[in-house]
file coords17.txt (compact mmCIF, C-alpha atoms)
# COMPACT_ATOMS: atom_id res chain seq x y z
CA MET A 1 -192.19 -16.42 45.41
CA LYS A 2 -189.20 -16.99 43.16
CA VAL A 3 -185.49 -16.23 43.42
CA LEU A 4 -182.72 -16.38 40.83
CA PHE A 5 -179.74 -17.84 42.73
CA MET A 6 -176.22 -17.17 41.44
CA GLU A 7 -174.71 -20.63 41.75
CA TRP A 8 -170.99 -21.11 42.44
CA LYS A 9 -169.00 -23.14 44.97
CA SER A 10 -169.93 -20.95 47.90
CA LEU A 11 -170.13 -21.91 51.53
CA GLY A 12 -173.70 -21.77 52.80
CA GLN A 13 -175.35 -22.24 49.41
CA ALA A 14 -176.95 -25.60 50.22
CA ASP A 15 -178.13 -24.46 53.64
CA LEU A 16 -179.65 -21.16 52.50
CA SER A 17 -181.28 -22.88 49.53
CA GLU A 18 -182.80 -25.46 51.85
CA GLU A 19 -184.19 -22.72 54.08
CA LEU A 20 -185.74 -20.95 51.09
CA GLY A 21 -187.27 -24.25 50.00
CA LYS A 22 -188.83 -24.80 53.43
CA ARG A 23 -190.69 -21.53 52.96
CA GLY A 24 -192.07 -22.57 49.60
CA TRP A 25 -189.78 -20.40 47.50
CA GLU A 26 -188.99 -21.54 43.99
CA ILE A 27 -185.27 -21.38 43.27
CA VAL A 28 -183.83 -21.03 39.77
CA TYR A 29 -180.06 -21.55 39.71
CA TYR A 30 -177.86 -19.57 37.34
CA PRO A 31 -174.36 -21.06 36.85
CA PHE A 32 -172.26 -18.05 37.79
CA PRO A 33 -168.75 -18.02 36.24
CA ARG A 34 -166.98 -16.46 39.20
CA GLU A 35 -163.67 -18.26 38.57
CA THR A 36 -163.50 -17.85 34.82
CA GLU A 37 -164.89 -14.42 33.94
CA ASN A 38 -164.61 -10.79 34.95
CA THR A 39 -167.49 -10.15 37.37
CA ARG A 40 -167.18 -6.36 37.45
CA LEU A 41 -167.44 -4.67 34.04
CA ASN A 42 -168.35 -7.46 31.63
CA GLU A 43 -170.80 -6.40 28.95
CA GLN A 44 -171.29 -9.87 27.54
CA LEU A 45 -171.97 -11.49 30.92
CA CYS A 46 -174.22 -8.59 31.90
CA GLU A 47 -176.34 -9.10 28.78
CA LYS A 48 -176.69 -12.82 29.58
CA LEU A 49 -177.80 -12.00 33.10
CA ILE A 50 -180.31 -9.42 31.86
CA ARG A 51 -181.84 -12.01 29.55
CA ALA A 52 -182.04 -14.56 32.37
CA ILE A 53 -183.65 -12.05 34.76
CA ALA A 54 -186.08 -10.72 32.18
CA ALA A 55 -187.18 -14.22 31.16
CA ASP A 56 -189.19 -14.71 34.35
CA ARG A 57 -190.73 -12.81 37.27
CA PHE A 58 -188.20 -13.00 40.09
CA ASP A 59 -188.77 -11.45 43.48
CA PHE A 60 -185.02 -10.93 43.76
CA VAL A 61 -181.66 -12.19 42.59
CA PHE A 62 -179.32 -13.61 45.25
CA SER A 63 -175.59 -14.29 45.47
CA PHE A 64 -173.09 -15.08 48.16
CA ASN A 65 -170.56 -12.24 47.85
CA TYR A 66 -171.33 -9.07 45.94
CA PHE A 67 -170.73 -8.88 42.18
CA PRO A 68 -171.03 -5.58 40.26
CA VAL A 69 -172.05 -7.29 37.02
CA VAL A 70 -175.09 -8.79 38.78
CA SER A 71 -175.93 -5.38 40.24
CA LEU A 72 -175.75 -3.81 36.78
CA ALA A 73 -178.11 -6.43 35.35
CA CYS A 74 -180.58 -6.13 38.22
CA ASN A 75 -180.56 -2.35 38.02
CA ALA A 76 -181.30 -2.55 34.29
CA CYS A 77 -184.23 -4.91 34.96
CA LYS A 78 -185.41 -3.03 38.08
CA VAL A 79 -185.19 -6.24 40.15
CA LYS A 80 -183.85 -6.39 43.71
CA TYR A 81 -180.32 -7.75 44.12
CA VAL A 82 -179.61 -9.36 47.49
CA SER A 83 -176.05 -10.41 48.31
CA TRP A 84 -174.36 -11.71 51.45
CA THR A 85 -170.59 -11.25 51.54
CA PHE A 86 -168.45 -13.51 53.70
CA ASP A 87 -165.06 -13.13 52.01
CA SER A 88 -162.49 -10.64 53.29
CA PRO A 89 -161.03 -8.58 51.84
CA PHE A 90 -163.53 -8.30 48.99
CA ILE A 91 -162.59 -5.42 46.73
CA GLN A 92 -165.76 -5.64 44.62
CA LEU A 93 -167.66 -4.06 47.52
CA TYR A 94 -165.83 -0.86 46.55
CA SER A 95 -167.40 -0.75 43.09
CA ASN A 96 -169.40 2.36 42.21
CA THR A 97 -172.35 0.03 41.61
CA ILE A 98 -172.65 -0.62 45.36
CA GLY A 99 -175.01 2.33 45.79
CA PHE A 100 -177.49 1.27 43.09
CA PRO A 101 -181.05 1.56 44.43
CA TYR A 102 -181.99 -2.10 43.87
CA ASN A 103 -179.09 -3.37 46.00
CA TYR A 104 -179.37 -5.00 49.42
CA VAL A 105 -175.75 -5.75 50.30
CA PHE A 106 -175.33 -7.76 53.52
CA ILE A 107 -171.79 -8.00 54.95
CA PHE A 108 -170.60 -10.13 57.87
CA ASP A 109 -167.98 -7.64 59.11
CA ARG A 110 -169.31 -4.58 60.91
CA GLY A 111 -165.98 -2.79 60.41
CA THR A 112 -166.31 -3.03 56.62
CA CYS A 113 -169.93 -1.87 56.84
CA GLU A 114 -168.86 1.18 58.83
CA ASP A 115 -166.18 2.02 56.28
CA LEU A 116 -168.82 2.02 53.53
CA TRP A 117 -171.43 3.81 55.65
CA ASN A 118 -168.90 6.55 56.36
CA GLN A 119 -168.63 7.07 52.60
CA GLY A 120 -172.37 7.62 52.27
CA ILE A 121 -173.36 4.13 51.08
CA ASN A 122 -176.86 3.34 52.34
CA THR A 123 -177.45 0.02 50.55
CA VAL A 124 -175.18 -1.91 52.93
CA TYR A 125 -176.42 -3.91 55.94
CA TYR A 126 -174.56 -5.73 58.69
CA LEU A 127 -175.37 -9.44 58.88
CA PRO A 128 -173.15 -11.96 60.72
CA MET A 129 -172.65 -15.45 59.35
CA ALA A 130 -174.56 -18.52 60.57
CA ALA A 131 -174.32 -22.26 61.15
CA PRO A 132 -176.63 -25.04 59.91
CA VAL A 133 -177.05 -26.55 63.37
CA GLU A 134 -180.06 -28.64 62.35
CA ARG A 135 -177.88 -30.40 59.77
CA TYR A 136 -174.97 -30.81 62.19
CA ASP A 137 -177.31 -32.45 64.71
CA THR A 138 -177.98 -35.29 62.27
CA TYR A 139 -174.32 -36.35 62.21
CA MET A 140 -173.62 -39.32 64.44
CA VAL A 141 -169.97 -39.80 65.37
CA SER A 142 -168.96 -43.42 65.84
CA GLU A 143 -166.34 -44.47 68.40
CA GLU A 144 -163.99 -45.29 65.54
CA GLU A 145 -164.43 -41.80 64.07
CA ARG A 146 -164.07 -40.21 67.49
CA ASP A 147 -160.75 -41.99 67.97
CA PHE A 148 -159.61 -40.92 64.51
CA TYR A 149 -160.40 -37.21 64.98
CA ARG A 150 -159.65 -36.92 68.70
CA THR A 151 -156.96 -34.34 69.50
CA GLN A 152 -156.13 -31.66 72.03
CA ILE A 153 -156.08 -28.68 69.65
CA SER A 154 -157.15 -28.38 66.03
CA PHE A 155 -157.23 -25.71 63.36
CA ILE A 156 -158.96 -25.91 59.99
CA GLY A 157 -157.84 -23.35 57.45
CA SER A 158 -155.13 -21.95 55.23
CA THR A 159 -151.75 -20.99 56.65
CA TYR A 160 -151.61 -18.12 54.11
CA CYS A 161 -148.09 -19.23 53.23
CA GLU A 162 -149.33 -20.62 49.91
CA LYS A 163 -147.99 -18.92 46.79
CA LYS A 164 -151.37 -17.47 45.76
CA HIS A 165 -151.55 -15.57 49.06
CA ARG A 166 -147.98 -14.23 48.99
CA PHE A 167 -148.82 -10.69 47.87
CA TYR A 168 -146.12 -9.39 50.19
CA ASP A 169 -143.45 -11.11 48.10
CA ARG A 170 -144.64 -9.23 45.01
CA LEU A 171 -143.26 -5.96 46.33
CA GLY A 172 -139.97 -6.95 44.79
CA GLU A 173 -137.11 -4.47 44.91
CA ILE A 174 -138.49 -1.94 47.36
CA SER A 175 -135.81 -0.06 49.27
CA GLY A 176 -134.33 -1.42 52.46
CA TYR A 177 -135.95 1.43 54.35
CA THR A 178 -139.40 0.63 52.97
CA LYS A 179 -138.93 -3.09 53.64
CA GLY A 180 -137.90 -2.40 57.21
CA TYR A 181 -140.80 -0.01 57.71
CA LEU A 182 -143.35 -2.51 56.36
CA ASP A 183 -141.88 -5.36 58.40
CA GLY A 184 -142.24 -3.12 61.44
CA CYS A 185 -145.88 -2.42 60.55
CA VAL A 186 -146.53 -6.14 60.20
CA GLN A 187 -145.00 -6.86 63.60
CA MET A 188 -146.97 -4.01 65.16
CA GLN A 189 -150.29 -5.26 63.77
CA LYS A 190 -149.48 -8.81 64.80
CA ARG A 191 -149.44 -7.69 68.42
CA VAL A 192 -152.65 -5.63 68.29
CA TYR A 193 -156.18 -7.06 68.25
CA GLY A 194 -159.33 -5.02 67.84
CA GLU A 195 -157.77 -2.20 65.80
CA PHE A 196 -156.67 -2.21 62.15
CA LEU A 197 -153.53 -0.09 61.98
CA LEU A 198 -152.01 -1.02 58.64
CA GLU A 199 -153.83 1.32 56.27
CA GLY A 200 -153.16 4.40 58.38
CA ALA A 201 -149.47 3.45 58.62
CA LEU A 202 -148.95 3.70 54.85
CA VAL A 203 -147.57 7.23 54.63
CA PRO A 204 -146.93 8.90 51.22
CA GLU A 205 -143.20 8.12 51.13
CA ILE A 206 -143.83 4.40 51.66
CA MET A 207 -146.73 4.37 49.21
CA GLU A 208 -144.57 5.96 46.54
CA ASP A 209 -141.93 3.23 46.81
CA MET A 210 -144.53 0.44 46.84
CA MET A 211 -146.26 1.89 43.79
CA LYS A 212 -142.93 2.20 42.00
CA HIS A 213 -142.02 -1.47 42.42
CA CYS A 214 -145.48 -3.06 42.48
CA PRO A 215 -147.90 -0.63 40.80
CA LEU A 216 -151.63 -1.14 41.12
CA ILE A 217 -154.23 -0.13 38.55
CA MET A 218 -157.46 1.28 39.92
CA ASN A 219 -160.59 -0.50 38.76
CA GLN A 220 -162.60 1.55 36.26
CA ASP A 221 -165.74 1.18 38.34
CA GLY A 222 -164.07 1.40 41.75
CA PHE A 223 -163.53 3.86 44.57
CA GLU A 224 -161.20 1.70 46.67
CA ARG A 225 -158.24 3.50 48.22
CA LEU A 226 -154.81 2.31 47.12
CA GLU A 227 -153.71 2.30 50.76
CA TRP A 228 -156.70 0.03 51.48
CA VAL A 229 -155.61 -2.44 48.80
CA TYR A 230 -151.98 -2.63 49.95
CA ALA A 231 -153.00 -2.87 53.61
CA HIS A 232 -155.65 -5.56 53.16
CA TYR A 233 -154.19 -7.71 50.39
CA PHE A 234 -150.44 -7.34 50.91
CA LEU A 235 -149.83 -6.59 54.59
CA ALA A 236 -152.80 -8.21 56.35
CA ARG A 237 -152.09 -11.54 54.67
CA GLN A 238 -148.47 -11.32 55.73
CA VAL A 239 -149.56 -10.72 59.33
CA THR A 240 -151.95 -13.68 59.13
CA ALA A 241 -149.31 -16.01 57.67
CA LEU A 242 -146.78 -15.17 60.38
CA GLU A 243 -149.36 -15.35 63.14
CA ARG A 244 -150.82 -18.70 62.15
CA MET A 245 -147.44 -20.35 61.74
CA GLU A 246 -146.11 -18.95 65.02
CA ILE A 247 -149.22 -19.91 66.99
CA LEU A 248 -149.33 -23.45 65.62
CA ASP A 249 -145.62 -23.89 66.32
CA LEU A 250 -145.92 -22.56 69.88
CA LEU A 251 -148.88 -24.74 70.77
CA SER A 252 -147.35 -27.84 69.21
CA ARG A 253 -144.34 -27.58 71.54
CA GLN A 254 -146.61 -28.51 74.44
CA TRP A 255 -149.70 -30.24 73.05
CA GLN A 256 -150.97 -32.34 70.20
CA VAL A 257 -152.03 -30.00 67.40
CA ASP A 258 -153.85 -31.14 64.28
CA LEU A 259 -153.89 -28.89 61.22
CA TYR A 260 -156.29 -29.37 58.32
CA THR A 261 -155.03 -27.49 55.28
CA TYR A 262 -154.26 -28.09 51.61
CA GLU A 263 -150.52 -27.33 51.67
CA GLN A 264 -147.53 -29.17 53.11
CA THR A 265 -146.17 -27.59 56.29
CA SER A 266 -142.63 -28.91 56.77
CA GLU A 267 -141.89 -25.74 58.80
CA LEU A 268 -144.17 -27.16 61.51
CA PRO A 269 -142.56 -30.53 62.31
CA ARG A 270 -144.52 -31.10 65.54
CA VAL A 271 -147.91 -30.27 63.98
CA ARG A 272 -149.87 -33.19 62.56
CA ASN A 273 -150.92 -32.01 59.08
CA ARG A 274 -153.98 -34.05 58.19
CA GLY A 275 -154.69 -32.57 54.77
CA THR A 276 -157.98 -30.99 53.82
CA ALA A 277 -161.28 -31.49 55.63
CA ASP A 278 -164.65 -31.77 53.89
CA VAL A 279 -166.58 -28.67 54.96
CA MET A 280 -170.06 -30.21 54.70
CA LYS A 281 -169.60 -32.96 57.28
CA GLU A 282 -166.04 -33.81 58.27
CA ALA A 283 -165.25 -30.35 59.67
CA SER A 284 -168.19 -30.57 62.06
CA MET A 285 -166.98 -33.95 63.32
CA ILE A 286 -163.48 -32.55 63.86
CA TYR A 287 -164.89 -29.65 65.89
CA ARG A 288 -166.79 -32.08 68.12
CA CYS A 289 -163.82 -34.38 68.69
CA SER A 290 -161.20 -31.69 69.38
CA LYS A 291 -160.84 -30.44 72.93
CA ILE A 292 -159.94 -26.95 71.67
CA ASN A 293 -160.79 -25.51 68.24
CA LEU A 294 -158.78 -22.49 67.18
CA ASN A 295 -159.96 -19.49 65.25
CA ILE A 296 -157.08 -17.31 64.05
CA SER A 297 -158.83 -14.61 62.01
CA LEU A 298 -157.56 -13.32 58.70
CA ARG A 299 -156.38 -9.85 59.68
CA SER A 300 -158.31 -8.07 56.92
CA ILE A 301 -161.48 -8.94 58.88
CA LEU A 302 -161.77 -5.70 60.81
CA SER A 303 -164.21 -6.75 63.53
CA GLY A 304 -166.35 -9.58 62.17
CA ILE A 305 -166.89 -13.12 63.42
CA PRO A 306 -165.46 -15.56 60.87
CA LEU A 307 -167.72 -18.32 59.56
CA ARG A 308 -165.39 -20.85 61.18
CA SER A 309 -166.38 -19.63 64.64
CA PHE A 310 -170.11 -20.13 64.06
CA GLU A 311 -169.43 -23.60 62.65
CA ILE A 312 -167.31 -24.57 65.66
CA MET A 313 -169.90 -23.46 68.20
CA GLY A 314 -172.80 -24.76 66.10
CA SER A 315 -171.15 -28.19 66.06
CA GLY A 316 -170.82 -28.22 69.84
CA GLY A 317 -167.08 -27.58 69.82
CA PHE A 318 -165.10 -25.41 72.23
CA LEU A 319 -163.94 -22.20 70.52
CA LEU A 320 -160.71 -20.38 71.41
CA SER A 321 -160.40 -17.31 69.18
CA ASN A 322 -158.41 -14.13 68.84
CA TYR A 323 -160.31 -11.04 69.97
CA GLN A 324 -162.83 -9.58 67.49
CA SER A 325 -165.22 -6.88 68.68
CA ASP A 326 -168.30 -8.28 66.86
CA TYR A 327 -168.33 -11.27 69.24
CA GLU A 328 -169.33 -8.91 72.04
CA GLU A 329 -172.72 -8.22 70.42
CA TYR A 330 -173.79 -11.86 70.59
CA PHE A 331 -171.57 -13.96 72.86
CA GLN A 332 -170.01 -13.82 76.32
CA CYS A 333 -166.32 -14.63 76.68
CA GLY A 334 -165.87 -17.34 79.30
CA GLU A 335 -169.50 -18.37 78.93
CA ASP A 336 -170.02 -19.20 75.22
CA TYR A 337 -166.45 -19.14 73.92
CA VAL A 338 -163.03 -17.82 74.98
CA TYR A 339 -160.80 -15.23 73.34
CA TYR A 340 -157.10 -14.50 73.75
CA THR A 341 -155.35 -11.14 73.56
CA ASP A 342 -151.75 -12.18 72.82
CA TYR A 343 -149.58 -15.30 72.53
CA GLU A 344 -148.95 -15.53 76.26
CA ASP A 345 -152.66 -15.29 76.99
CA LEU A 346 -153.34 -17.94 74.34
CA MET A 347 -150.89 -20.38 75.92
CA GLN A 348 -152.27 -19.81 79.39
CA LYS A 349 -155.87 -20.31 78.28
CA ALA A 350 -155.02 -23.40 76.25
CA GLU A 351 -153.35 -24.92 79.31
CA TYR A 352 -156.24 -23.96 81.59
CA TYR A 353 -159.07 -25.29 79.45
CA LEU A 354 -157.25 -28.49 78.52
CA SER A 355 -157.02 -29.25 82.24
CA HIS A 356 -160.56 -28.10 83.19
CA GLU A 357 -162.74 -30.57 81.32
CA LYS A 358 -166.08 -29.76 82.93
CA GLU A 359 -165.73 -25.99 82.48
CA ARG A 360 -164.62 -26.41 78.88
CA GLN A 361 -167.59 -28.65 78.07
CA GLU A 362 -170.04 -26.25 79.73
CA ILE A 363 -168.73 -23.36 77.61
CA ALA A 364 -168.99 -25.46 74.45
CA GLU A 365 -172.56 -26.39 75.34
CA ASN A 366 -173.51 -22.76 75.99
CA GLY A 367 -172.05 -21.67 72.65
CA TYR A 368 -173.88 -24.48 70.88
CA ARG A 369 -177.24 -23.54 72.41
CA LYS A 370 -176.83 -19.87 71.60
CA VAL A 371 -175.92 -20.52 67.96
CA LYS A 372 -178.78 -23.00 67.61
CA GLN A 373 -181.27 -20.50 69.02
CA ARG A 374 -180.11 -17.27 67.35
CA HIS A 375 -177.57 -17.83 64.58
CA THR A 376 -178.89 -20.31 62.03
CA TYR A 377 -179.73 -19.74 58.38
CA LYS A 378 -183.39 -19.53 59.38
CA GLU A 379 -182.71 -16.49 61.58
CA ARG A 380 -180.50 -14.89 58.96
CA LEU A 381 -183.05 -15.39 56.18
CA ASP A 382 -185.69 -13.85 58.45
CA THR A 383 -183.47 -10.77 58.77
CA ILE A 384 -182.78 -10.59 55.04
CA LEU A 385 -186.45 -10.82 54.06
CA GLU A 386 -187.52 -8.36 56.73
CA THR A 387 -184.93 -5.86 55.48
CA VAL A 388 -185.73 -6.34 51.80
CA TYR A 389 -189.50 -6.10 52.22
CA SER A 390 -189.80 -3.60 55.05
call {"tool": "encode", "arguments": {"input": "coords17.txt", "output": "structure tokens"}}
result
Amino acid sequence: MKVLFMEWKSLGQADLSEELGKRGWEIVYYPFPRETENTRLNEQLCEKLIRAIAADRFDFVFSFNYFPVVSLACNACKVKYVSWTFDSPFIQLYSNTIGFPYNYVFIFDRGTCEDLWNQGINTVYYLPMAAPVERYDTYMVSEEERDFYRTQISFIGSTYCEKKHRFYDRLGEISGYTKGYLDGCVQMQKRVYGEFLLEGALVPEIMEDMMKHCPLIMNQDGFERLEWVYAHYFLARQVTALERMEILDLLSRQWQVDLYTYEQTSELPRVRNRGTADVMKEASMIYRCSKINLNISLRSILSGIPLRSFEIMGSGGFLLSNYQSDYEEYFQCGEDYVYYTDYEDLMQKAEYYLSHEKERQEIAENGYRKVKQRHTYKERLDTILETVYS
């Protein structure tokens, strides 16, 4: 069995490749120019991919995240294209190529799957993320390392205040009314978990003003809704930026909070910004050594469990997350992890679990066992292969 693997700096690549190798699959890596080339309608890249696919007998082509240009090449060669999308939002899922018959498009967010299913797309499958627990178990944490990483609360991730994420600032000279309306929508969404309200709030009058001052061009091969784009890329990131900064600030007023991110955070003077964390090993050690590990989901994730949450539990760390409905399919709140419903609830639960050591450790252990048993790359690859070859 042989797979052509689209190679780019994707999370999970090493772990899924290792799992394929354990099963005797031969992997051929194709250097995929995700950062440097158009991956939607790109005739030159498509021709290169067709030549690469046609040069051998591949059982399927695989990529983390879905790329229309790969789908086009696979469709031309009549070879299965298997993708697993973990980014959100990911506009390329709304390419007209998504329905091609050789596609098997796995997505970690059930809410996104349902949006596509409701539009008649039957090549999309729900598949949560995973954790390489077997690899994590090999990491031994020395006493010196434990002292270095030990903290009460930690968070690994972007604050979404970085310039590249500031889509909201691109709206420019929108009217005062529109600005006030959008700020109100942001504050509304910030207080609501489990329901995505932003897209439905973009009424025609508001859309007209946004389009006037920050026009968007529809992709030639796309069927994405303009309201969807503004809601997910502009507004949801603004909600996330405000929420993450406010939560980190609130928690740091009472407890030691360590933040691992790639930007300076002078706006959070009580938070210990420790720079970036290596995702292959260091992050797992941080999760083990922190009493509480936060997940503050990017708000464009409609219902899905972020990869961070699986990695925290799979490392044996205690997870405190905002509410996401997909957790309920696999985990029990208060048994495997804990979720909060608002800032007040977050503060109360942080205080409770920091002062109840035994209960916190039992929950972390339960979450670890459940991820190790049911949510590794082995289990996910089983599901992928069963779906593709059923």
call {"tool": "atom_distance", "arguments": {"input": "coords17.txt", "atom1": "atom CA of Phe234 of chain A", "atom2": "atom CA of Asp87 of chain A"}}
result
15.8 Å
call {"tool": "residues_around", "arguments": {"input": "coords17.txt", "residues": "Ala52 of chain A", "least_positions_apart": "2", "cutoff": "12 Å", "atoms": "all atoms listed in the file", "output": "NGL selection string"}}
result
:A and (3-6 or 28-32 or 45-50 or 54-58 or 61 or 70 or 73-74 or 77 or 79)
call {"tool": "atom_distance", "arguments": {"input": "coords17.txt", "atom1": "atom CA of Glu263 of chain A", "atom2": "atom CA of Ile296 of chain A"}}
result
17.2 Å
call {"tool": "atom_distance", "arguments": {"input": "coords17.txt", "atom1": "atom CA of Gln119 of chain A", "atom2": "atom CA of Asn96 of chain A"}}
result
11.4 Å
call {"tool": "residues_around", "arguments": {"input": "coords17.txt", "residues": "Tyr102 of chain A", "least_positions_apart": "4", "cutoff": "12 Å", "atoms": "only C-alpha atoms", "output": "ChimeraX atom specification"}}
result
/A:59-62,70-83,97-98,122-124,388-389
call {"tool": "residues_near_point", "arguments": {"input": "coords17.txt", "point": "(-171.1, -11.3, 53.3)", "cutoff": "9 Å", "atoms": "only C-alpha atoms", "output": "ChimeraX atom specification"}}
result
/A:64-66,83-88,105-109,126-129
call {"tool": "residues_around", "arguments": {"input": "coords17.txt", "residues": "Leu251 of chain A", "least_positions_apart": "4", "cutoff": "10 Å", "atoms": "only C-alpha atoms", "output": "tab-separated table (two decimals) with C-alpha atoms, keeping the file's coordinate frame"}}
result
chain	number	residue	atom	x	y	z
A	153	ILE	CA	-156.08	-28.68	69.65
A	246	GLU	CA	-146.11	-18.95	65.02
A	247	ILE	CA	-149.22	-19.91	66.99
A	255	TRP	CA	-149.70	-30.24	73.05
A	256	GLN	CA	-150.97	-32.34	70.20
A	257	VAL	CA	-152.03	-30.00	67.40
A	270	ARG	CA	-144.52	-31.10	65.54
A	271	VAL	CA	-147.91	-30.27	63.98
A	343	TYR	CA	-149.58	-15.30	72.53
A	346	LEU	CA	-153.34	-17.94	74.34
A	347	MET	CA	-150.89	-20.38	75.92
A	350	ALA	CA	-155.02	-23.40	76.25
A	351	GLU	CA	-153.35	-24.92	79.31
call {"tool": "closest_residue", "arguments": {"input": "coords17.txt", "among": "A:Tyr177, A:Tyr230, A:Tyr104, A:Tyr260", "to": "Cys214 of chain A", "atoms": "all atoms listed in the file"}}
result
A:Tyr230
call {"tool": "closest_residue", "arguments": {"input": "coords17.txt", "among": "A:Tyr136, A:Tyr353, A:Tyr262, A:Tyr330", "to": "Gly157 of chain A", "atoms": "all atoms listed in the file"}}
result
A:Tyr262
call {"tool": "closest_residue", "arguments": {"input": "coords17.txt", "among": "A:Asn295, A:Lys378, A:Val186, A:Gln92", "to": "Met218 of chain A", "atoms": "only C-alpha atoms"}}
result
A:Gln92
